[in-house]
Structures are given as structure tokens and as C-alpha cells.
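Have a look at model-v5.txt below; it lists compact mmCIF, C-alpha atoms.
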# COMPACT_ATOMS: atom_id res chain seq x y z
CA MET A 1 0.00 0.00 0.00
CA ASN A 2 1.20 3.49 -0.73
CA GLU A 3 -0.12 7.03 -0.67
CA LYS A 4 -1.58 6.69 -4.17
CA SER A 5 -3.45 3.43 -3.48
CA SER A 6 -4.66 4.30 0.04
CA THR A 7 -8.40 4.95 0.08
CA LEU A 8 -8.07 6.73 3.44
CA ILE A 9 -5.47 9.19 2.13
CA ASN A 10 -7.53 9.74 -1.04
CA ALA A 11 -10.60 10.62 1.05
CA LEU A 12 -8.49 13.05 3.09
CA LYS A 13 -7.00 14.73 0.02
CA THR A 14 -10.12 14.95 -2.14
CA GLY A 15 -12.74 15.45 0.56
CA ARG A 16 -14.95 12.91 -1.20
CA PRO A 17 -16.21 9.67 0.34
CA ILE A 18 -15.02 6.41 -1.20
CA PHE A 19 -17.41 3.46 -1.23
CA LYS A 20 -16.32 -0.07 -2.16
CA GLY A 21 -12.74 1.06 -2.76
CA LYS A 22 -10.41 -1.87 -3.47
CA GLN A 23 -7.04 -1.91 -1.74
CA GLU A 24 -4.27 -4.48 -1.37
CA ILE A 25 -2.20 -4.72 1.80
CA VAL A 26 0.49 -7.10 3.07
CA ASP A 27 0.19 -8.27 6.67
CA PHE A 28 3.03 -8.96 9.11
CA MET A 29 3.24 -12.59 7.92
CA GLY A 30 3.77 -11.52 4.31
CA ARG A 31 0.28 -12.43 3.14
CA LYS A 32 -1.29 -10.24 0.48
CA ILE A 33 -4.84 -9.27 1.47
CA GLU A 34 -7.41 -7.61 -0.76
CA THR A 35 -9.80 -5.36 1.12
CA THR A 36 -12.94 -3.46 0.22
CA ASN A 37 -13.05 -0.16 2.08
CA ILE A 38 -15.40 2.67 2.86
CA SER A 39 -13.39 5.83 3.56
CA LEU A 40 -15.15 8.97 4.75
CA PRO A 41 -13.65 12.42 5.31
CA ILE A 42 -14.54 14.16 8.58
CA ARG A 43 -15.34 17.87 8.32
CA ALA A 44 -15.67 20.65 10.87
CA HIS A 45 -16.39 24.27 10.03
CA GLY A 46 -15.92 23.58 6.30
CA LYS A 47 -12.46 22.01 6.70
CA ILE A 48 -11.38 18.39 6.48
CA ILE A 49 -10.01 17.51 9.90
CA GLY A 50 -9.63 13.76 9.51
CA ALA A 51 -11.07 10.60 8.01
CA ILE A 52 -12.47 7.29 9.13
CA GLU A 53 -12.29 3.97 7.34
CA ARG A 54 -14.15 0.67 7.47
CA ILE A 55 -12.14 -2.24 6.12
CA SER A 56 -13.83 -5.41 4.97
CA LEU A 57 -11.97 -8.52 3.89
CA SER A 58 -12.79 -12.00 2.78
CA GLN A 59 -10.84 -15.06 3.92
CA THR A 60 -10.73 -16.18 0.28
CA THR A 61 -8.71 -13.10 -0.71
CA ILE A 62 -5.65 -13.86 1.45
CA LEU A 63 -2.74 -14.98 -0.72
CA THR A 64 0.81 -15.95 0.22
CA VAL A 65 3.50 -13.67 -1.16
CA SER A 66 6.54 -15.63 -2.39
Whole structure, C-alpha cells version:
Amino acid sequence: MNEKSSTLINALKTGRPIFKGKQEIVDFMGRKIETTNISLPIRAHGKIIGAIERISLSQTTILTVS
């Protein structure tokens, strides 16, 4: 995962919510995991002050990285 592929960072930068955003991460055991995320910017007084993300993953999407 990097800044370009992160749905959370994209929601922060654009100010737009992301629904069903696909993202691939690698866990501490080296397994590649595909997630489906909902990323929502948080606003106060017209400014983006943060974001929140819900990550959903399926056991069938965990792959071993060689």
C-alpha cells in the first residue's frame, strides 16, 4: 500500500467519500490481502479535519507472497 493506493489518504486529500474502494495490503506474515473499504472524510467548520475507514476482507482473498 502506498499514498496513491490508500483509500483513506484519497478521502483526506479529495474530501470525497469512497465506497467499495479496493485496496491491497500485506500483513506482518507476508500475506497479500485484498480489502474493500469505505473511507469517509470528517469535516468541521468547512475544513477536512480527519477521516475514518471501514475495512472489509474476505478469507478467500488472502494470498501468500513468495
* So what do you get for CA of Ile25 (chain A) versus CA of Ile9 (chain A), distance-wise? ->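 One can read the CA of Ile25 (chain A) to CA of Ile9 (chain A) distance as 14.3 Å.
Rounded to one decimal, CA of Arg31 (chain A) and CA of Pro17 (chain A) lie 27.7 Å from each other.
The two atoms in question, CA of Gly30 (chain A) and CA of Leu57 (chain A), are spaced 16.0 Å apart.
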* Leaving out Lys22 (chain A) and any residue of its chain fewer than 4 positions from it, which residues lie within 12 Å of it when counting all atoms listed in the file, given as a PyMOL selection string? -> chain A and resi 1+5-8+18+33-39+54-57+61
Write out as a PDB file with C-alpha atoms, in the coordinates of the input each polymer residue whose atoms come within 8 Å of Ile42 (chain A), counting only C-alpha atoms; drop sequence neighbours fewer than 6 positions from it.
ATOM      1  CA  ILE A  48     -11.380  18.390   6.480  1.00  0.00           C
ATOM      2  CA  ILE A  49     -10.010  17.510   9.900  1.00  0.00           C
ATOM      3  CA  GLY A  50      -9.630  13.760   9.510  1.00  0.00           C
ATOM      4  CA  ALA A  51     -11.070  10.600   8.010  1.00  0.00           C
ATOM      5  CA  ILE A  52     -12.470   7.290   9.130  1.00  0.00           C
TER       6      ILE A  52
END
* Asked: In terms of the shortest atom-to-atom distance over only C-alpha atoms, which of A:Lys32, A:Leu40, A:Gly46, A:Glu24 is closest to Leu12 (chain A)?
  ->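 Checking each of A:Lys32, A:Leu40, A:Gly46, A:Glu24 against Leu12 (chain A), counting only C-alpha atoms, the winner is A:Leu40.
Within the 8 Å cut-off around Gly15 (chain A), using only C-alpha atoms and omitting residues fewer than 4 positions from it on the same chain, the listed residues are Asn10, Ala11, Pro41 and Ile48 of chain A.
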Dump of C-alpha atoms for the selected residues, as a compact mmCIF listing (two decimals), keeping the file's coordinate frame:
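The result, stored in again-v8.txt:
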# COMPACT_ATOMS: atom_id res chain seq x y z
CA ASN A 10 -7.53 9.74 -1.04
CA ALA A 11 -10.60 10.62 1.05
CA PRO A 41 -13.65 12.42 5.31
CA ILE A 48 -11.38 18.39 6.48
